[in-house]
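Q: If it helps, the file is called target-v8.cif and holds mmCIF, N, CA and C atoms:
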data_model
loop_
_atom_site.label_atom_id
_atom_site.label_comp_id
_atom_site.auth_asym_id
_atom_site.auth_seq_id
_atom_site.Cartn_x
_atom_site.Cartn_y
_atom_site.Cartn_z
N GLN N 68 59.94 84.92 86.72
CA GLN N 68 58.99 85.57 85.82
C GLN N 68 59.60 85.74 84.44
N VAL N 69 58.70 85.80 83.45
CA VAL N 69 59.09 86.03 82.07
C VAL N 69 58.55 87.40 81.65
N GLN N 70 59.36 88.14 80.92
CA GLN N 70 58.93 89.40 80.36
C GLN N 70 58.93 89.28 78.83
N LEU N 71 57.94 89.93 78.21
CA LEU N 71 57.78 89.86 76.76
C LEU N 71 57.74 91.26 76.17
N VAL N 72 58.39 91.42 75.02
CA VAL N 72 58.35 92.69 74.31
C VAL N 72 58.17 92.40 72.83
N GLU N 73 57.13 93.02 72.25
CA GLU N 73 56.85 92.84 70.83
C GLU N 73 57.46 93.99 70.03
N VAL N 74 57.93 93.67 68.84
CA VAL N 74 58.37 94.68 67.88
C VAL N 74 57.91 94.25 66.50
N GLY N 75 57.87 95.21 65.59
CA GLY N 75 57.59 94.87 64.20
C GLY N 75 56.28 95.39 63.67
N GLY N 76 55.46 95.99 64.52
CA GLY N 76 54.21 96.54 64.03
C GLY N 76 54.44 97.75 63.15
N GLY N 77 53.38 98.21 62.50
CA GLY N 77 53.49 99.38 61.65
C GLY N 77 52.34 99.50 60.70
N LEU N 78 52.52 100.35 59.71
CA LEU N 78 51.50 100.59 58.70
C LEU N 78 51.90 99.88 57.41
N VAL N 79 50.96 99.16 56.84
CA VAL N 79 51.21 98.43 55.60
C VAL N 79 49.97 98.49 54.74
N GLN N 80 50.16 98.43 53.43
CA GLN N 80 49.02 98.43 52.52
C GLN N 80 48.40 97.04 52.44
N ALA N 81 47.15 97.01 52.11
CA ALA N 81 46.46 95.73 51.92
C ALA N 81 47.21 94.88 50.90
N GLY N 82 47.34 93.60 51.23
CA GLY N 82 48.10 92.70 50.37
C GLY N 82 49.55 92.57 50.77
N GLY N 83 50.00 93.45 51.65
CA GLY N 83 51.39 93.44 52.08
C GLY N 83 51.66 92.46 53.20
N SER N 84 52.90 92.51 53.69
CA SER N 84 53.35 91.59 54.72
C SER N 84 54.03 92.33 55.86
N LEU N 85 54.01 91.72 57.01
CA LEU N 85 54.73 92.21 58.18
C LEU N 85 55.19 91.02 58.99
N ARG N 86 56.31 91.18 59.69
CA ARG N 86 56.74 90.16 60.62
C ARG N 86 56.87 90.76 62.00
N LEU N 87 56.12 90.20 62.93
CA LEU N 87 56.20 90.60 64.32
C LEU N 87 57.16 89.68 65.06
N SER N 88 57.89 90.27 65.99
CA SER N 88 58.80 89.51 66.84
C SER N 88 58.42 89.74 68.29
N CYS N 89 58.64 88.71 69.09
CA CYS N 89 58.39 88.82 70.53
C CYS N 89 59.58 88.21 71.25
N ALA N 90 60.32 89.04 71.93
CA ALA N 90 61.49 88.58 72.67
C ALA N 90 61.13 88.33 74.12
N ALA N 91 61.49 87.17 74.60
CA ALA N 91 61.24 86.80 75.99
C ALA N 91 62.53 86.93 76.79
N SER N 92 62.40 87.40 78.02
CA SER N 92 63.54 87.50 78.92
C SER N 92 63.11 87.06 80.31
N GLY N 93 64.08 86.87 81.17
CA GLY N 93 63.78 86.39 82.51
C GLY N 93 63.86 84.88 82.58
N ARG N 94 62.93 84.26 83.27
CA ARG N 94 62.93 82.80 83.46
C ARG N 94 62.32 82.11 82.23
N THR N 95 62.99 82.25 81.11
CA THR N 95 62.46 81.70 79.86
C THR N 95 62.41 80.19 79.87
N GLU N 96 63.18 79.57 80.75
CA GLU N 96 63.15 78.10 80.83
C GLU N 96 61.80 77.59 81.29
N ASP N 97 60.98 78.48 81.84
CA ASP N 97 59.64 78.10 82.29
C ASP N 97 58.61 78.15 81.16
N THR N 98 58.99 78.67 80.01
CA THR N 98 58.03 78.85 78.91
C THR N 98 57.55 77.51 78.37
N GLN N 99 56.23 77.36 78.26
CA GLN N 99 55.63 76.14 77.74
C GLN N 99 54.99 76.37 76.37
N THR N 100 54.24 77.43 76.26
CA THR N 100 53.55 77.78 75.03
C THR N 100 53.69 79.28 74.83
N MET N 101 53.77 79.69 73.57
CA MET N 101 53.71 81.11 73.27
C MET N 101 52.65 81.34 72.20
N GLY N 102 52.06 82.52 72.23
CA GLY N 102 50.99 82.79 71.29
C GLY N 102 50.90 84.25 70.93
N TRP N 103 50.09 84.51 69.93
CA TRP N 103 49.76 85.86 69.49
C TRP N 103 48.25 86.04 69.54
N PHE N 104 47.86 87.16 70.08
CA PHE N 104 46.47 87.58 70.09
C PHE N 104 46.39 88.97 69.47
N ARG N 105 45.18 89.38 69.12
CA ARG N 105 45.00 90.74 68.63
C ARG N 105 43.70 91.30 69.17
N GLN N 106 43.68 92.62 69.25
CA GLN N 106 42.52 93.29 69.82
C GLN N 106 42.26 94.60 69.12
N VAL N 107 41.01 94.78 68.75
CA VAL N 107 40.52 96.04 68.20
C VAL N 107 39.85 96.78 69.34
N PRO N 108 40.06 98.09 69.46
CA PRO N 108 39.42 98.84 70.56
C PRO N 108 37.93 98.58 70.62
N GLY N 109 37.47 98.28 71.84
CA GLY N 109 36.06 98.03 72.04
C GLY N 109 35.64 96.59 71.80
N GLU N 110 36.58 95.75 71.37
CA GLU N 110 36.26 94.36 71.12
C GLU N 110 37.12 93.45 71.98
N GLN N 111 36.77 92.19 72.00
CA GLN N 111 37.53 91.22 72.78
C GLN N 111 38.87 90.91 72.13
N ARG N 112 39.81 90.53 72.98
CA ARG N 112 41.10 90.08 72.47
C ARG N 112 40.91 88.68 71.85
N MET N 113 41.41 88.51 70.64
CA MET N 113 41.17 87.29 69.90
C MET N 113 42.47 86.53 69.63
N PHE N 114 42.37 85.22 69.70
CA PHE N 114 43.52 84.36 69.42
C PHE N 114 43.89 84.45 67.94
N VAL N 115 45.20 84.46 67.66
CA VAL N 115 45.68 84.47 66.28
C VAL N 115 46.46 83.18 65.99
N ALA N 116 47.48 82.91 66.81
CA ALA N 116 48.33 81.75 66.58
C ALA N 116 49.07 81.38 67.86
N GLY N 117 49.46 80.11 67.97
CA GLY N 117 50.22 79.66 69.13
C GLY N 117 51.21 78.59 68.73
N ILE N 118 52.21 78.37 69.59
CA ILE N 118 53.23 77.37 69.30
C ILE N 118 53.75 76.78 70.61
N GLU N 119 53.96 75.48 70.60
CA GLU N 119 54.54 74.82 71.75
C GLU N 119 56.04 75.12 71.78
N TRP N 120 56.53 75.60 72.90
CA TRP N 120 57.91 76.02 72.98
C TRP N 120 58.88 74.86 72.84
N ASN N 121 58.52 73.71 73.36
CA ASN N 121 59.41 72.55 73.33
C ASN N 121 58.97 71.47 72.35
N GLY N 122 58.14 71.84 71.41
CA GLY N 122 57.69 70.90 70.40
C GLY N 122 57.46 71.63 69.10
N ASP N 123 56.87 70.95 68.16
CA ASP N 123 56.64 71.54 66.84
C ASP N 123 55.18 71.91 66.60
N ARG N 124 54.34 71.66 67.57
CA ARG N 124 52.91 71.85 67.32
C ARG N 124 52.57 73.34 67.27
N THR N 125 51.77 73.70 66.28
CA THR N 125 51.30 75.07 66.13
C THR N 125 49.78 75.09 66.09
N TYR N 126 49.23 76.25 66.38
CA TYR N 126 47.79 76.44 66.43
C TYR N 126 47.47 77.74 65.70
N TYR N 127 46.38 77.75 64.95
CA TYR N 127 46.00 78.95 64.22
C TYR N 127 44.50 79.19 64.32
N ALA N 128 44.15 80.46 64.37
CA ALA N 128 42.76 80.84 64.20
C ALA N 128 42.39 80.66 62.73
N VAL N 129 41.13 80.49 62.48
CA VAL N 129 40.67 80.30 61.11
C VAL N 129 41.07 81.50 60.25
N THR N 130 41.00 82.69 60.82
CA THR N 130 41.33 83.90 60.06
C THR N 130 42.82 84.01 59.73
N ALA N 131 43.64 83.26 60.45
CA ALA N 131 45.09 83.33 60.23
C ALA N 131 45.61 82.17 59.38
N GLU N 132 44.88 81.09 59.38
CA GLU N 132 45.32 79.88 58.67
C GLU N 132 45.59 80.19 57.20
N GLY N 133 46.79 79.80 56.73
CA GLY N 133 47.15 80.01 55.35
C GLY N 133 47.77 81.36 55.04
N ARG N 134 47.62 82.33 55.94
CA ARG N 134 48.19 83.66 55.71
C ARG N 134 49.29 83.99 56.71
N PHE N 135 49.14 83.52 57.93
CA PHE N 135 50.09 83.83 59.00
C PHE N 135 50.86 82.57 59.36
N THR N 136 52.11 82.76 59.76
CA THR N 136 52.95 81.65 60.20
C THR N 136 53.63 82.03 61.51
N ILE N 137 53.46 81.17 62.51
CA ILE N 137 54.14 81.39 63.78
C ILE N 137 55.36 80.47 63.83
N SER N 138 56.43 80.99 64.37
CA SER N 138 57.65 80.20 64.51
C SER N 138 58.41 80.69 65.73
N ARG N 139 59.41 79.92 66.13
CA ARG N 139 60.17 80.35 67.29
C ARG N 139 61.64 79.98 67.12
N ASP N 140 62.48 80.81 67.73
CA ASP N 140 63.92 80.58 67.76
C ASP N 140 64.28 80.45 69.23
N LYS N 141 64.47 79.24 69.68
CA LYS N 141 64.72 79.01 71.09
C LYS N 141 66.05 79.62 71.53
N ALA N 142 67.03 79.63 70.64
CA ALA N 142 68.33 80.20 71.00
C ALA N 142 68.22 81.69 71.28
N LYS N 143 67.29 82.36 70.62
CA LYS N 143 67.09 83.79 70.81
C LYS N 143 65.92 84.09 71.73
N ASN N 144 65.26 83.05 72.22
CA ASN N 144 64.07 83.25 73.07
C ASN N 144 63.06 84.17 72.40
N THR N 145 62.84 83.94 71.14
CA THR N 145 61.99 84.82 70.35
C THR N 145 60.97 84.02 69.57
N VAL N 146 59.76 84.53 69.52
CA VAL N 146 58.71 83.95 68.69
C VAL N 146 58.33 84.99 67.64
N TYR N 147 58.02 84.51 66.44
CA TYR N 147 57.71 85.38 65.32
C TYR N 147 56.29 85.10 64.81
N LEU N 148 55.73 86.14 64.22
CA LEU N 148 54.47 85.98 63.50
C LEU N 148 54.66 86.63 62.14
N GLN N 149 54.81 85.80 61.13
CA GLN N 149 54.91 86.28 59.76
C GLN N 149 53.51 86.41 59.19
N MET N 150 53.16 87.61 58.79
CA MET N 150 51.81 87.87 58.29
C MET N 150 51.89 88.28 56.83
N THR N 151 51.13 87.60 56.00
CA THR N 151 51.09 87.91 54.58
C THR N 151 49.65 88.15 54.14
N SER N 152 49.50 88.68 52.94
CA SER N 152 48.16 88.96 52.39
C SER N 152 47.31 89.71 53.40
N LEU N 153 47.89 90.72 54.00
CA LEU N 153 47.18 91.45 55.05
C LEU N 153 45.98 92.19 54.49
N GLU N 154 44.97 92.27 55.32
CA GLU N 154 43.71 92.92 54.96
C GLU N 154 43.41 94.00 55.99
N PRO N 155 42.63 95.00 55.62
CA PRO N 155 42.27 96.04 56.60
C PRO N 155 41.68 95.45 57.88
N GLU N 156 41.00 94.32 57.75
CA GLU N 156 40.40 93.68 58.93
C GLU N 156 41.44 93.12 59.89
N ASP N 157 42.69 93.06 59.47
CA ASP N 157 43.76 92.61 60.36
C ASP N 157 44.29 93.74 61.24
N THR N 158 43.81 94.94 61.02
CA THR N 158 44.23 96.07 61.82
C THR N 158 43.84 95.85 63.28
N ALA N 159 44.83 95.93 64.16
CA ALA N 159 44.58 95.68 65.59
C ALA N 159 45.89 95.90 66.35
N ILE N 160 45.78 95.86 67.65
CA ILE N 160 46.98 95.77 68.49
C ILE N 160 47.27 94.28 68.66
N TYR N 161 48.49 93.89 68.37
CA TYR N 161 48.89 92.49 68.47
C TYR N 161 49.69 92.28 69.75
N TYR N 162 49.27 91.27 70.50
CA TYR N 162 49.90 90.97 71.78
C TYR N 162 50.57 89.60 71.74
N CYS N 163 51.75 89.55 72.29
CA CYS N 163 52.45 88.29 72.49
C CYS N 163 52.10 87.77 73.88
N ALA N 164 52.00 86.45 74.01
CA ALA N 164 51.64 85.86 75.29
C ALA N 164 52.46 84.59 75.51
N ALA N 165 52.66 84.26 76.78
CA ALA N 165 53.41 83.06 77.13
C ALA N 165 52.71 82.32 78.27
N ARG N 166 52.81 81.02 78.24
CA ARG N 166 52.35 80.19 79.36
C ARG N 166 53.59 79.63 80.04
N THR N 167 53.67 79.85 81.34
CA THR N 167 54.82 79.37 82.10
C THR N 167 54.43 78.39 83.19
N ALA N 168 53.14 78.12 83.32
CA ALA N 168 52.66 77.24 84.38
C ALA N 168 51.49 76.42 83.83
N PHE N 169 51.04 75.46 84.64
CA PHE N 169 49.93 74.62 84.24
C PHE N 169 48.71 75.47 83.95
N ALA N 170 47.98 75.11 82.90
CA ALA N 170 46.78 75.86 82.55
C ALA N 170 45.63 74.89 82.31
N LEU N 171 44.44 75.29 82.75
CA LEU N 171 43.26 74.46 82.56
C LEU N 171 42.68 74.62 81.15
N PHE N 172 43.01 75.77 80.53
CA PHE N 172 42.43 76.07 79.25
C PHE N 172 43.43 75.81 78.13
N GLY N 173 42.93 75.55 76.94
CA GLY N 173 43.77 75.24 75.81
C GLY N 173 44.42 76.46 75.20
N PRO N 174 45.35 76.27 74.26
CA PRO N 174 46.15 77.37 73.72
C PRO N 174 45.38 78.40 72.91
N TYR N 175 44.11 78.12 72.60
CA TYR N 175 43.32 79.08 71.86
C TYR N 175 42.66 80.11 72.78
N GLU N 176 42.78 79.91 74.08
CA GLU N 176 42.11 80.75 75.05
C GLU N 176 43.08 81.69 75.74
N GLN N 177 42.63 82.90 76.05
CA GLN N 177 43.47 83.85 76.79
C GLN N 177 43.93 83.27 78.12
N ALA N 178 43.04 82.53 78.78
CA ALA N 178 43.34 82.01 80.12
C ALA N 178 44.45 80.97 80.11
N HIS N 179 44.82 80.49 78.95
CA HIS N 179 45.93 79.53 78.85
C HIS N 179 47.26 80.20 79.18
N TYR N 180 47.33 81.51 78.96
CA TYR N 180 48.57 82.27 79.06
C TYR N 180 48.60 83.09 80.34
N ASP N 181 49.77 83.22 80.93
CA ASP N 181 49.88 83.97 82.18
C ASP N 181 50.79 85.19 82.06
N THR N 182 51.38 85.39 80.91
CA THR N 182 52.29 86.52 80.74
C THR N 182 51.99 87.18 79.40
N TRP N 183 51.96 88.50 79.39
CA TRP N 183 51.60 89.25 78.19
C TRP N 183 52.58 90.38 77.94
N GLY N 184 52.80 90.66 76.66
CA GLY N 184 53.58 91.82 76.29
C GLY N 184 52.69 93.05 76.21
N PRO N 185 53.28 94.23 76.02
CA PRO N 185 52.50 95.47 75.98
C PRO N 185 51.73 95.66 74.69
N GLY N 186 52.07 94.92 73.64
CA GLY N 186 51.36 95.03 72.38
C GLY N 186 52.06 95.91 71.37
N THR N 187 51.76 95.67 70.10
CA THR N 187 52.29 96.48 69.02
C THR N 187 51.17 96.71 67.99
N GLN N 188 51.07 97.92 67.50
CA GLN N 188 49.99 98.28 66.60
C GLN N 188 50.30 97.84 65.18
N VAL N 189 49.34 97.20 64.56
CA VAL N 189 49.41 96.87 63.13
C VAL N 189 48.23 97.55 62.45
N THR N 190 48.53 98.34 61.44
CA THR N 190 47.50 99.03 60.69
C THR N 190 47.64 98.68 59.22
N VAL N 191 46.55 98.19 58.64
CA VAL N 191 46.54 97.81 57.24
C VAL N 191 45.61 98.76 56.50
N SER N 192 46.15 99.49 55.56
CA SER N 192 45.36 100.47 54.81
C SER N 192 44.81 99.83 53.54
N SER N 193 43.65 100.31 53.15
CA SER N 193 43.00 99.75 51.95
C SER N 193 43.43 100.48 50.69
#
Would you put the structure from the file into structure tokens?
A:
Amino acid sequence: QVQLVEVGGGLVQAGGSLRLSCAASGRTEDTQTMGWFRQVPGEQRMFVAGIEWNGDRTYYAVTAEGRFTISRDKAKNTVYLQMTSLEPEDTAIYYCAARTAFALFGPYEQAHYDTWGPGTQVTVSS
């Protein structure tokens, strides 16, 4: 099994930046894809960005394209989400996710991932 822990959330003013980190532990050699999702209370969890663990391919939601950058450090078993030009609408709990087994769904879908972190709160003030 893989365990995930996110850090880096907090309060930031609109226009500011934050970098989220997600450290993986356990059977990290099983990791295939990692991603970031976000959720506002009462709403569905939404895809933000994803990255192939053993390749260079990245995936972004339209709302993240051009503002957010996902990257990974395999030596540290860590994936990052660099967020810039933050807007109040980016306020949410951000979750890190990993796929460690075959998935029928693509990386933009929650069902693609089988492991989730507890989440970290990001609040953007206007």
Q: Rounded to one decimal place, report the atom N of Tyr162 in chain N-atom N of Ala142 in chain N distance in Å.
A: 21.2 Å
Q: Take the PyMOL selection byres ((chain N and resi 113-118) around 5), run it mentally on this structure, and tell me the resulting residues as a count of residues only.
A: 16
Q: Rounded to one decimal in Å, what is the spacing between atom C of Ala164 in chain N and atom C of Val191 in chain N?
A: 24.7 Å
Q: Using all atoms listed in the file, can you tell me which of N:Thr95, N:Ala90, N:Tyr161, N:Ser84 comes closest to Val146 in chain N?
A: N:Ala90
Q: May I ask for the distance between CA of Gly122 in chain N and CA of Thr136 in chain N, given in Å to one decimal place?
A: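 Between these atoms lies a distance of 15.6 Å.
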Q: Tell me, which residues of chain N carry DSSP strand (DSSP E), written as a CSV table (one decimal) with N, CA and C atoms, in the coordinates of the input?
A:
chain,number,residue,atom,x,y,z
N,69,VAL,N,58.7,85.8,83.4
N,69,VAL,CA,59.1,86.0,82.1
N,69,VAL,C,58.6,87.4,81.6
N,70,GLN,N,59.4,88.1,80.9
N,70,GLN,CA,58.9,89.4,80.4
N,70,GLN,C,58.9,89.3,78.8
N,71,LEU,N,57.9,89.9,78.2
N,71,LEU,CA,57.8,89.9,76.8
N,71,LEU,C,57.7,91.3,76.2
N,72,VAL,N,58.4,91.4,75.0
N,72,VAL,CA,58.4,92.7,74.3
N,72,VAL,C,58.2,92.4,72.8
N,73,GLU,N,57.1,93.0,72.2
N,73,GLU,CA,56.8,92.8,70.8
N,73,GLU,C,57.5,94.0,70.0
N,74,VAL,N,57.9,93.7,68.8
N,74,VAL,CA,58.4,94.7,67.9
N,74,VAL,C,57.9,94.2,66.5
N,77,GLY,N,53.4,98.2,62.5
N,77,GLY,CA,53.5,99.4,61.6
N,77,GLY,C,52.3,99.5,60.7
N,78,LEU,N,52.5,100.4,59.7
N,78,LEU,CA,51.5,100.6,58.7
N,78,LEU,C,51.9,99.9,57.4
N,79,VAL,N,51.0,99.2,56.8
N,79,VAL,CA,51.2,98.4,55.6
N,79,VAL,C,50.0,98.5,54.7
N,80,GLN,N,50.2,98.4,53.4
N,80,GLN,CA,49.0,98.4,52.5
N,80,GLN,C,48.4,97.0,52.4
N,85,LEU,N,54.0,91.7,57.0
N,85,LEU,CA,54.7,92.2,58.2
N,85,LEU,C,55.2,91.0,59.0
N,86,ARG,N,56.3,91.2,59.7
N,86,ARG,CA,56.7,90.2,60.6
N,86,ARG,C,56.9,90.8,62.0
N,87,LEU,N,56.1,90.2,62.9
N,87,LEU,CA,56.2,90.6,64.3
N,87,LEU,C,57.2,89.7,65.1
N,88,SER,N,57.9,90.3,66.0
N,88,SER,CA,58.8,89.5,66.8
N,88,SER,C,58.4,89.7,68.3
N,89,CYS,N,58.6,88.7,69.1
N,89,CYS,CA,58.4,88.8,70.5
N,89,CYS,C,59.6,88.2,71.2
N,90,ALA,N,60.3,89.0,71.9
N,90,ALA,CA,61.5,88.6,72.7
N,90,ALA,C,61.1,88.3,74.1
N,91,ALA,N,61.5,87.2,74.6
N,91,ALA,CA,61.2,86.8,76.0
N,91,ALA,C,62.5,86.9,76.8
N,92,SER,N,62.4,87.4,78.0
N,92,SER,CA,63.5,87.5,78.9
N,92,SER,C,63.1,87.1,80.3
N,93,GLY,N,64.1,86.9,81.2
N,93,GLY,CA,63.8,86.4,82.5
N,93,GLY,C,63.9,84.9,82.6
N,100,THR,N,54.2,77.4,76.3
N,100,THR,CA,53.6,77.8,75.0
N,100,THR,C,53.7,79.3,74.8
N,101,MET,N,53.8,79.7,73.6
N,101,MET,CA,53.7,81.1,73.3
N,101,MET,C,52.6,81.3,72.2
N,102,GLY,N,52.1,82.5,72.2
N,102,GLY,CA,51.0,82.8,71.3
N,102,GLY,C,50.9,84.2,70.9
N,103,TRP,N,50.1,84.5,69.9
N,103,TRP,CA,49.8,85.9,69.5
N,103,TRP,C,48.2,86.0,69.5
N,104,PHE,N,47.9,87.2,70.1
N,104,PHE,CA,46.5,87.6,70.1
N,104,PHE,C,46.4,89.0,69.5
N,105,ARG,N,45.2,89.4,69.1
N,105,ARG,CA,45.0,90.7,68.6
N,105,ARG,C,43.7,91.3,69.2
N,106,GLN,N,43.7,92.6,69.2
N,106,GLN,CA,42.5,93.3,69.8
N,106,GLN,C,42.3,94.6,69.1
N,113,MET,N,41.4,88.5,70.6
N,113,MET,CA,41.2,87.3,69.9
N,113,MET,C,42.5,86.5,69.6
N,114,PHE,N,42.4,85.2,69.7
N,114,PHE,CA,43.5,84.4,69.4
N,114,PHE,C,43.9,84.4,67.9
N,115,VAL,N,45.2,84.5,67.7
N,115,VAL,CA,45.7,84.5,66.3
N,115,VAL,C,46.5,83.2,66.0
N,116,ALA,N,47.5,82.9,66.8
N,116,ALA,CA,48.3,81.8,66.6
N,116,ALA,C,49.1,81.4,67.9
N,117,GLY,N,49.5,80.1,68.0
N,117,GLY,CA,50.2,79.7,69.1
N,117,GLY,C,51.2,78.6,68.7
N,118,ILE,N,52.2,78.4,69.6
N,118,ILE,CA,53.2,77.4,69.3
N,118,ILE,C,53.8,76.8,70.6
N,119,GLU,N,54.0,75.5,70.6
N,119,GLU,CA,54.5,74.8,71.8
N,119,GLU,C,56.0,75.1,71.8
N,125,THR,N,51.8,73.7,66.3
N,125,THR,CA,51.3,75.1,66.1
N,125,THR,C,49.8,75.1,66.1
N,126,TYR,N,49.2,76.2,66.4
N,126,TYR,CA,47.8,76.4,66.4
N,126,TYR,C,47.5,77.7,65.7
N,127,TYR,N,46.4,77.8,65.0
N,127,TYR,CA,46.0,79.0,64.2
N,127,TYR,C,44.5,79.2,64.3
N,135,PHE,N,49.1,83.5,57.9
N,135,PHE,CA,50.1,83.8,59.0
N,135,PHE,C,50.9,82.6,59.4
N,136,THR,N,52.1,82.8,59.8
N,136,THR,CA,53.0,81.6,60.2
N,136,THR,C,53.6,82.0,61.5
N,137,ILE,N,53.5,81.2,62.5
N,137,ILE,CA,54.1,81.4,63.8
N,137,ILE,C,55.4,80.5,63.8
N,138,SER,N,56.4,81.0,64.4
N,138,SER,CA,57.6,80.2,64.5
N,138,SER,C,58.4,80.7,65.7
N,139,ARG,N,59.4,79.9,66.1
N,139,ARG,CA,60.2,80.4,67.3
N,139,ARG,C,61.6,80.0,67.1
N,140,ASP,N,62.5,80.8,67.7
N,140,ASP,CA,63.9,80.6,67.8
N,140,ASP,C,64.3,80.4,69.2
N,145,THR,N,62.8,83.9,71.1
N,145,THR,CA,62.0,84.8,70.4
N,145,THR,C,61.0,84.0,69.6
N,146,VAL,N,59.8,84.5,69.5
N,146,VAL,CA,58.7,84.0,68.7
N,146,VAL,C,58.3,85.0,67.6
N,147,TYR,N,58.0,84.5,66.4
N,147,TYR,CA,57.7,85.4,65.3
N,147,TYR,C,56.3,85.1,64.8
N,148,LEU,N,55.7,86.1,64.2
N,148,LEU,CA,54.5,86.0,63.5
N,148,LEU,C,54.7,86.6,62.1
N,149,GLN,N,54.8,85.8,61.1
N,149,GLN,CA,54.9,86.3,59.8
N,149,GLN,C,53.5,86.4,59.2
N,150,MET,N,53.2,87.6,58.8
N,150,MET,CA,51.8,87.9,58.3
N,150,MET,C,51.9,88.3,56.8
N,159,ALA,N,44.8,95.9,64.2
N,159,ALA,CA,44.6,95.7,65.6
N,159,ALA,C,45.9,95.9,66.4
N,160,ILE,N,45.8,95.9,67.6
N,160,ILE,CA,47.0,95.8,68.5
N,160,ILE,C,47.3,94.3,68.7
N,161,TYR,N,48.5,93.9,68.4
N,161,TYR,CA,48.9,92.5,68.5
N,161,TYR,C,49.7,92.3,69.8
N,162,TYR,N,49.3,91.3,70.5
N,162,TYR,CA,49.9,91.0,71.8
N,162,TYR,C,50.6,89.6,71.7
N,163,CYS,N,51.8,89.6,72.3
N,163,CYS,CA,52.4,88.3,72.5
N,163,CYS,C,52.1,87.8,73.9
N,164,ALA,N,52.0,86.4,74.0
N,164,ALA,CA,51.6,85.9,75.3
N,164,ALA,C,52.5,84.6,75.5
N,165,ALA,N,52.7,84.3,76.8
N,165,ALA,CA,53.4,83.1,77.1
N,165,ALA,C,52.7,82.3,78.3
N,166,ARG,N,52.8,81.0,78.2
N,166,ARG,CA,52.4,80.2,79.4
N,166,ARG,C,53.6,79.6,80.0
N,182,THR,N,51.4,85.4,80.9
N,182,THR,CA,52.3,86.5,80.7
N,182,THR,C,52.0,87.2,79.4
N,183,TRP,N,52.0,88.5,79.4
N,183,TRP,CA,51.6,89.2,78.2
N,183,TRP,C,52.6,90.4,77.9
N,187,THR,N,51.8,95.7,70.1
N,187,THR,CA,52.3,96.5,69.0
N,187,THR,C,51.2,96.7,68.0
N,188,GLN,N,51.1,97.9,67.5
N,188,GLN,CA,50.0,98.3,66.6
N,188,GLN,C,50.3,97.8,65.2
N,189,VAL,N,49.3,97.2,64.6
N,189,VAL,CA,49.4,96.9,63.1
N,189,VAL,C,48.2,97.6,62.4
N,190,THR,N,48.5,98.3,61.4
N,190,THR,CA,47.5,99.0,60.7
N,190,THR,C,47.6,98.7,59.2
N,191,VAL,N,46.6,98.2,58.6
N,191,VAL,CA,46.5,97.8,57.2
N,191,VAL,C,45.6,98.8,56.5
N,192,SER,N,46.2,99.5,55.6
N,192,SER,CA,45.4,100.5,54.8
N,192,SER,C,44.8,99.8,53.5
Q: For Ala165 in chain N, please output as an MDAnalysis selection string all residues within 8 Å (counting only N, CA and C atoms; exclusion window: fewer than 6 positions along the same chain).
A: chainID N and resid 71 97:103 179:184
Q: Tell me which of N:Asp157, N:Ala170, N:Ser138, N:Gly93 sits closest to Gly76 in chain N, counting only C-alpha atoms.
A: N:Asp157
Q: Counting only C-alpha atoms, which residue out of N:Val107, N:Val69, N:Ile137, N:Ala131 sits closest to Ile160 in chain N?
A: N:Val107
Q: Taking the file as shown, find all residues satisfying the PyMOL selection byres ((chain N and resi 145) around 8) and write them as a list of chain:residue names.
A: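 Checking the PyMOL selection byres ((chain N and resi 145) around 8) against this file, the residues are N:Ser88, N:Cys89, N:Ala90, N:Ala91, N:Ser92, N:Ser138, N:Arg139, N:Asp140, N:Lys141, N:Ala142, N:Lys143, N:Asn144, N:Val146, N:Tyr147, N:Leu148.
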Q: Set the distance at 6 Å and use all atoms listed in the file: which residues neighbour Met150 in chain N once local chain neighbours fewer than 3 positions away are removed? I'd like the list as number ranges by chain.
A: N: 83-87, 134-136, 153
